[in-house]
Amino acid sequence: MSYEIVTRPHQQNFIDWAKDKPEVLVLSADLTNSCEVGKWRDTYPTRFFSMGMAEQNMMGFAAGLAREGFEPWLHTFSVFLYRRPLDQLQMSIAYPALKVRLVGFLPGIMTPGGVTHQAIEDIAILRTIPNMTILEVGDATEAQSVLDVAHAVDGPVYIRMLRGEVSRIFPVDEPFKLNTARILSTGNDLTLITSGIATEEALRAVPLLQGNGLGITHLHISTHKPFDDPKILAALRSAKHGVITMENHSVIGGLGSAVAEVMAENSISAPLSRIGLQDTYAHGASQKFLMSEYGLDAKALVERVERILGKKLGIQESDLAEQRSINVHSSAKVEAL
Amino acid sequence: MGACLFRSISYAAERQLMNSAVADNADLQRMETIAHGIRKRVLSHVLSNNGGYMSQACSAAELLAALYGGVLKLGPVESPIDPPQFMGVPKIGEHTYQTGAQFHGPKGANFDRLIVSPAHYALVVYAALIETGRLREDGLEYFNRDGSTVEMIGAEHSPGFETTTGSLAQALSQAGGIALARKLRGEEGRTWVFMSDGEFQEGQTWEALSAASFHNLSSLRIIVDVNQAQCDGPMETVMAIEPLAERVRSFGWDVSVVDGHSLSEIIAASQSDTAKPHAILCYTDPVRGLPILAERAPTLHYLRFTSTAERAKYEDAYKEMVQ
């Protein structure tokens with residue numbers, strides 16, 4: 001299986017989208033081209049504000065602009081939107097529920113920038129903040145249609161964004177919808193819930209698992225908060241052998257935890273198995289290498305299914321390699337800063 | 001000028017003598033009355049509550065009297081507003097929420113805005129609002145009462161506040177955003193931030209100073225109560241920030257250094273119309289108007305009486321003040 005590769009899905013799309021929205025401003029913290037808004041700056045120079053490497057202050061400026069009716073879209077790497085300026089994000093933006101859009105790039109282990117650049121607990125932290133809406137895109141269609149979704153939210157929105165060469169998994173006419181899971185397959189043996197780049201990775205393994213006669217309900221999650229789409233509960237209830245979550249994030253506090261909360265509160269007793277970073281930091285290396293090292297890839301999913309079922313399925317790494325979509329592992333995908 | 005506990009050398013060197021002719025005597029007298037009323041009201045409150053932020057009233061009385069007494073061009077308030085009950089925290093999609101900015105009158109393109117940064121000065125701000133007919137006379141009776149917006153550390157629902165800045169040094173950045181928005185809309189009014197000097201220990205303050213000058217926010221004003229005191233004691237023993245004027249100036253701001261108890265100096269500095277954002281550093285005495293407070297030095301941040309004898313002394317001071 002391979003998908004259409006969209007190069008820089010955000011770049012021109014965001015320019016076109018913002019054309020008739022004069023209230024939309026961009027604030028950037030010295031990572032403008034890295035976040036695909038260099039051309040936006042050149043197109044709308046009076047609506048672009050360079051805030052320098054000063055994220056705490058950038059949060060405050062965004063808050064002030066939002067209080068006055070502007071809609072600031074902050075562009076930087078995910079880590080710099082919540083780790084360093086967390087107090088400012090909470091007190092200046094989240095408490096007053098201001099319409100600030102935090103567009104975070106390179107979520108999880110997508111960057112060779114190492115631990116300082118890897119947002120592995122952003123969802124966990126931001127989920128605990130009242131008034132926050134948390135979105136995560138899984139392909140080019142979502143990277144482009146998330147703009148309308150965020151724009152419509154009457155409060156702060158954090159977006160786990162993709163950049164560079166991004167697969168188009170979902171049809172253009174099936175845009176991102178708030179708090180709406182995508183059902184990618186149905187079946188009663190296992191329920192698989194994935195988000196972000198984990199979805200494309202899981203899609204490499206799912207056909208092989210189904211080829212082994214397993215019925216799999218596969219949900220793609222693009223809204224982490226709120227997290228009350230009834231399709232999730234229904235999918236969890238239908239799982240005969242177990243539930244697997246797969247995320248480009250720590251297993252603590254993110255998608256896996258959110259699913260655990262729903263299961264516990266609804267007395268769903270199926271075993272839950274969470275794929276993600278197992279309470280560990282990562283290091284600087286390629287996405288492909290890190291996904292393998294930390295067990296976030298299709299192989300890890302197959303092994304997890306085998307563990308739940310208590311038997312080997314005979315799926316070889318070479319089988320998975322054939323399923324490999326070109327973008328995730330192409331050399332053109334190596335992320336520079 | 002009376003004895004100042006923490007007078008700094010750089011203050012003496014920096015202070016520019018201001019021309020007091022710019023304000024007429026009626027203005028000055030009115031502001032003096034407001035300043036005296038702030039001290040009296042806060043001391044009365046501290047006596048009846050056995051504690052409070054007293055030294056902040058002593059240091060900032062003239063500063064706030066000048067701002068609310070005429071320096072700021074605020075929208076009018078028809079009659080003193082009742083202190084509202086707390087109606088809940090801001091929530092997505094719920095815009096029933098009203099900030100404490102209503103006490104500053106209606107917003108307008110030509111009006112000034114005042115953002116209060118040191119939220120623990122709330123008691124002093126409330127007193128200033130009462131003295132200037134913006135908050136109901138009995139407003140302080142709701143201070144720190146459960147369910148009231150007249151909170152001990154002001155938040156954006158509290159009278160006079162429109163941001164939540166109890167975690168200090170976040171107001172200037174927010175005011176920068178407000179000033180930028182107003183600049184984009186071509187508004188004439190200035191955006192003021194009342195700050196405390198301790199906030200210059202936070203890195204965010206310096207980020208905000210940089211951004212304000214970088215983006216040419218010439219309508220942004222900060223006025224600082226440089227009382228040189230903080231929670232742990234004199235700032236020079238906790239973390240020195242001097243030479244403050246030189247530092248702020250080097251970040252691209254115009255800086256005026258004034259005697260924070262001289263209304264005419266504050267007024268003169270506030271009238272300066274510069275091409276840069278402008279900081280007014282008001283060097284103040286944290287025991288001004290209440291000399292017995294000096295006995296508690298160096299810990300002046302919060303006054304709580306330790307004995308009935310001490311309390312009696314403050315009652316005597318109050319009687320003297322009322323006369």
# chains A, B, ... in the order shown; residues from 1 in each chain; ligands from 1
$ interface_residues --of "chain B" --to "chain A" --cutoff "9 Å" --atoms "only C-alpha atoms" --output "number ranges by chain"
B: 89-94, 156, 163-167, 170-182, 184, 203-208, 211, 214-215
$ residues_around --residues "stretch 271-288 of chain B" --least-positions-apart "6" --cutoff "7 Å" --atoms "only C-alpha atoms" --output "PyMOL selection string"
chain B and resi 4-5+55-56+58-59+212-213+216-227+253-261+294
$ residues_around --residues "stretch 259-274 of chain A" --least-positions-apart "5" --cutoff "10 Å" --atoms "only C-alpha atoms" --output "number ranges by chain"
A: 190-193, 227-228, 232-233, 236-247, 250-254, 301, 304-305, 307-308
$ write_last_selection --atoms "N, CA and C atoms" --output "short mmCIF file (atom, residue, chain, number, x, y, z; two decimals), in the first residue's frame"
data_model
loop_
_atom_site.label_atom_id
_atom_site.label_comp_id
_atom_site.auth_asym_id
_atom_site.auth_seq_id
_atom_site.Cartn_x
_atom_site.Cartn_y
_atom_site.Cartn_z
N LEU A 190 -10.47 -7.69 17.87
CA LEU A 190 -9.63 -6.68 18.53
C LEU A 190 -10.12 -5.29 18.17
N THR A 191 -9.97 -4.39 19.11
CA THR A 191 -10.19 -2.97 18.79
C THR A 191 -8.85 -2.26 18.85
N LEU A 192 -8.51 -1.61 17.78
CA LEU A 192 -7.24 -0.91 17.65
C LEU A 192 -7.54 0.58 17.52
N ILE A 193 -6.96 1.36 18.42
CA ILE A 193 -7.21 2.81 18.40
C ILE A 193 -5.87 3.52 18.25
N PHE A 227 -12.98 13.99 24.37
CA PHE A 227 -12.77 12.58 24.00
C PHE A 227 -14.04 11.80 24.36
N ASP A 228 -15.13 12.19 23.77
CA ASP A 228 -16.37 11.50 24.13
C ASP A 228 -17.23 11.14 22.92
N ILE A 232 -16.23 5.66 20.00
CA ILE A 232 -15.12 5.08 20.76
C ILE A 232 -15.65 4.05 21.75
N LEU A 233 -16.65 4.46 22.49
CA LEU A 233 -17.23 3.55 23.48
C LEU A 233 -17.77 2.29 22.80
N LEU A 236 -14.95 0.03 21.85
CA LEU A 236 -14.35 -0.62 23.02
C LEU A 236 -15.23 -1.78 23.50
N ARG A 237 -16.52 -1.56 23.45
CA ARG A 237 -17.45 -2.61 23.92
C ARG A 237 -17.42 -3.83 23.02
N SER A 238 -17.08 -3.63 21.75
CA SER A 238 -17.17 -4.75 20.81
C SER A 238 -15.93 -5.65 20.82
N ALA A 239 -14.90 -5.25 21.54
CA ALA A 239 -13.63 -5.99 21.47
C ALA A 239 -13.70 -7.30 22.25
N LYS A 240 -13.52 -8.41 21.53
CA LYS A 240 -13.62 -9.73 22.18
C LYS A 240 -12.33 -10.08 22.93
N HIS A 241 -11.19 -9.88 22.27
CA HIS A 241 -9.93 -10.34 22.87
C HIS A 241 -9.14 -9.22 23.52
N GLY A 242 -9.38 -8.01 23.12
CA GLY A 242 -8.62 -6.95 23.75
C GLY A 242 -8.63 -5.66 22.96
N VAL A 243 -8.07 -4.65 23.60
CA VAL A 243 -7.98 -3.31 23.01
C VAL A 243 -6.52 -2.92 22.95
N ILE A 244 -6.11 -2.38 21.81
CA ILE A 244 -4.73 -1.90 21.67
C ILE A 244 -4.77 -0.42 21.29
N THR A 245 -4.01 0.36 22.00
CA THR A 245 -3.83 1.75 21.59
C THR A 245 -2.42 1.93 21.07
N MET A 246 -2.24 2.84 20.14
CA MET A 246 -0.92 3.04 19.53
C MET A 246 -0.75 4.53 19.27
N GLU A 247 0.29 5.10 19.86
CA GLU A 247 0.44 6.56 19.78
C GLU A 247 1.92 6.95 19.78
N SER A 250 4.11 9.22 25.04
CA SER A 250 4.22 8.33 26.21
C SER A 250 2.90 7.59 26.41
N VAL A 251 2.98 6.36 26.90
CA VAL A 251 1.74 5.63 27.17
C VAL A 251 1.03 6.19 28.40
N ILE A 252 1.73 7.05 29.13
CA ILE A 252 1.12 7.67 30.31
C ILE A 252 0.49 9.00 29.92
N GLY A 253 -0.79 9.11 30.10
CA GLY A 253 -1.45 10.40 29.96
C GLY A 253 -1.99 10.74 28.58
N GLY A 254 -1.65 9.96 27.58
CA GLY A 254 -2.09 10.28 26.23
C GLY A 254 -3.30 9.45 25.80
N LEU A 301 3.29 -3.69 16.69
CA LEU A 301 1.85 -3.94 16.77
C LEU A 301 1.55 -5.42 16.58
N ARG A 304 2.42 -7.27 19.63
CA ARG A 304 1.45 -7.02 20.71
C ARG A 304 0.19 -7.86 20.51
N VAL A 305 -0.23 -7.97 19.25
CA VAL A 305 -1.41 -8.79 18.94
C VAL A 305 -1.11 -10.25 19.28
N ARG A 307 0.90 -11.36 21.47
CA ARG A 307 0.93 -11.52 22.93
C ARG A 307 -0.49 -11.65 23.49
N ILE A 308 -1.38 -10.81 22.96
CA ILE A 308 -2.77 -10.85 23.44
C ILE A 308 -3.43 -12.18 23.10
#
$ residues_around --residues "B:Gln323" --least-positions-apart "6" --cutoff "12 Å" --atoms "only C-alpha atoms" --output "PyMOL selection string"
chain B and resi 36-37+40+316-317
$ write_last_selection --atoms "C-alpha atoms" --output "PDB file, in the first residue's frame"
ATOM      1  CA  HIS B  36      -4.135  59.676  51.868  1.00  0.00           C
ATOM      2  CA  GLY B  37      -7.465  57.861  51.535  1.00  0.00           C
ATOM      3  CA  LYS B  40      -6.102  55.218  55.635  1.00  0.00           C
ATOM      4  CA  ASP B 316      -2.837  54.988  67.400  1.00  0.00           C
ATOM      5  CA  ALA B 317      -1.231  55.539  64.011  1.00  0.00           C
TER       6      ALA B 317
END
$ atom_distance --atom1 "atom CA of A:Phe77" --atom2 "atom CA of A:Glu36"
11.3 Å
$ select_by_dssp --residues "stretch 61-250 of chain A" --states "helix (DSSP H, G or I)" --output "ChimeraX atom specification"
/A:61-67,79-82,86-94,115-117,122-127,140-152,197-211,230-237
$ residues_around --residues "B:Tyr68" --least-positions-apart "6" --cutoff "10 Å" --atoms "only C-alpha atoms" --output "PyMOL selection string"
chain B and resi 31+34+62+74+104+114+125+128-129+131-134
$ write_last_selection --atoms "C-alpha atoms" --output "short mmCIF file (atom, residue, chain, number, x, y, z; two decimals), in the first residue's frame"
data_model
loop_
_atom_site.label_atom_id
_atom_site.label_comp_id
_atom_site.auth_asym_id
_atom_site.auth_seq_id
_atom_site.Cartn_x
_atom_site.Cartn_y
_atom_site.Cartn_z
CA MET B 31 -4.63 63.23 44.12
CA ILE B 34 -6.83 60.00 47.13
CA GLU B 62 0.71 58.27 45.20
CA LEU B 74 -10.31 56.13 31.55
CA HIS B 104 -12.22 51.21 34.53
CA LEU B 114 -4.64 49.85 32.82
CA VAL B 125 -6.09 48.81 43.94
CA ALA B 128 -7.91 53.35 44.96
CA LEU B 129 -11.10 52.38 43.10
CA GLU B 131 -11.36 56.60 46.60
CA THR B 132 -12.08 57.49 42.97
CA GLY B 133 -15.75 56.54 43.01
CA ARG B 134 -15.42 53.41 40.89
#
$ atom_distance --atom1 "atom CA of B:Gln98" --atom2 "atom CA of B:Gln85"
11.0 Å
$ closest_residue --among "B:Glu310, B:Glu320, B:Glu236, B:Asp197" --to "B:Leu47" --atoms "only C-alpha atoms"
B:Glu310
$ residues_around --residues "B:His301" --least-positions-apart "5" --cutoff "7 Å" --atoms "only C-alpha atoms" --output "PyMOL selection string"
chain B and resi 53+55+230-231
$ closest_residue --among "A:Phe48, A:Tyr294, A:Phe170, A:Phe289" --to "A:Asn248" --atoms "only C-alpha atoms"
A:Tyr294
$ atom_distance --atom1 "atom CA of B:Ser117" --atom2 "atom CA of A:Ile134"
29.5 Å
$ residues_around --residues "stretch 5-22 of chain A" --least-positions-apart "5" --cutoff "6 Å" --atoms "only C-alpha atoms" --output "MDAnalysis selection string"
chainID A and resid 36 40 140 163:167
$ write_last_selection --atoms "C-alpha atoms" --output "compact mmCIF listing (two decimals), in the first residue's frame"
# COMPACT_ATOMS: atom_id res chain seq x y z
CA GLU A 36 6.10 26.08 6.85
CA TRP A 40 2.88 33.03 4.78
CA ALA A 140 -2.19 15.57 4.71
CA ARG A 163 5.06 18.94 7.96
CA GLY A 164 7.32 18.10 5.06
CA GLU A 165 6.36 15.04 3.04
CA VAL A 166 3.07 13.78 4.38
CA SER A 167 0.93 10.90 3.13
$ decode --residues "stretch 202-227 of chain B" --atoms "C-alpha atoms" --output "compact mmCIF listing (two decimals), in the first residue's frame"
# COMPACT_ATOMS: atom_id res chain seq x y z
CA GLU B 202 11.57 37.20 36.06
CA GLY B 203 13.00 36.48 32.61
CA GLN B 204 9.63 36.99 30.96
CA THR B 205 9.71 40.69 31.84
CA TRP B 206 12.85 41.11 29.77
CA GLU B 207 11.40 39.10 26.90
CA ALA B 208 8.40 41.43 26.94
CA LEU B 209 10.54 44.57 27.10
CA SER B 210 12.45 43.34 24.04
CA ALA B 211 9.31 42.53 22.11
CA ALA B 212 7.66 45.87 22.91
CA SER B 213 10.56 47.88 21.58
CA PHE B 214 11.15 45.51 18.64
CA HIS B 215 7.54 45.94 17.53
CA ASN B 216 7.59 49.71 18.22
CA LEU B 217 4.76 49.68 20.73
CA SER B 218 5.15 53.34 21.54
CA SER B 219 1.75 53.55 23.23
CA LEU B 220 2.78 51.01 25.86
CA ARG B 221 3.56 52.42 29.30
CA ILE B 222 4.79 50.74 32.42
CA ILE B 223 4.74 52.40 35.80
CA VAL B 224 6.67 50.57 38.46
CA ASP B 225 6.50 50.72 42.23
CA VAL B 226 10.22 50.42 42.89
CA ASN B 227 9.88 49.87 46.63
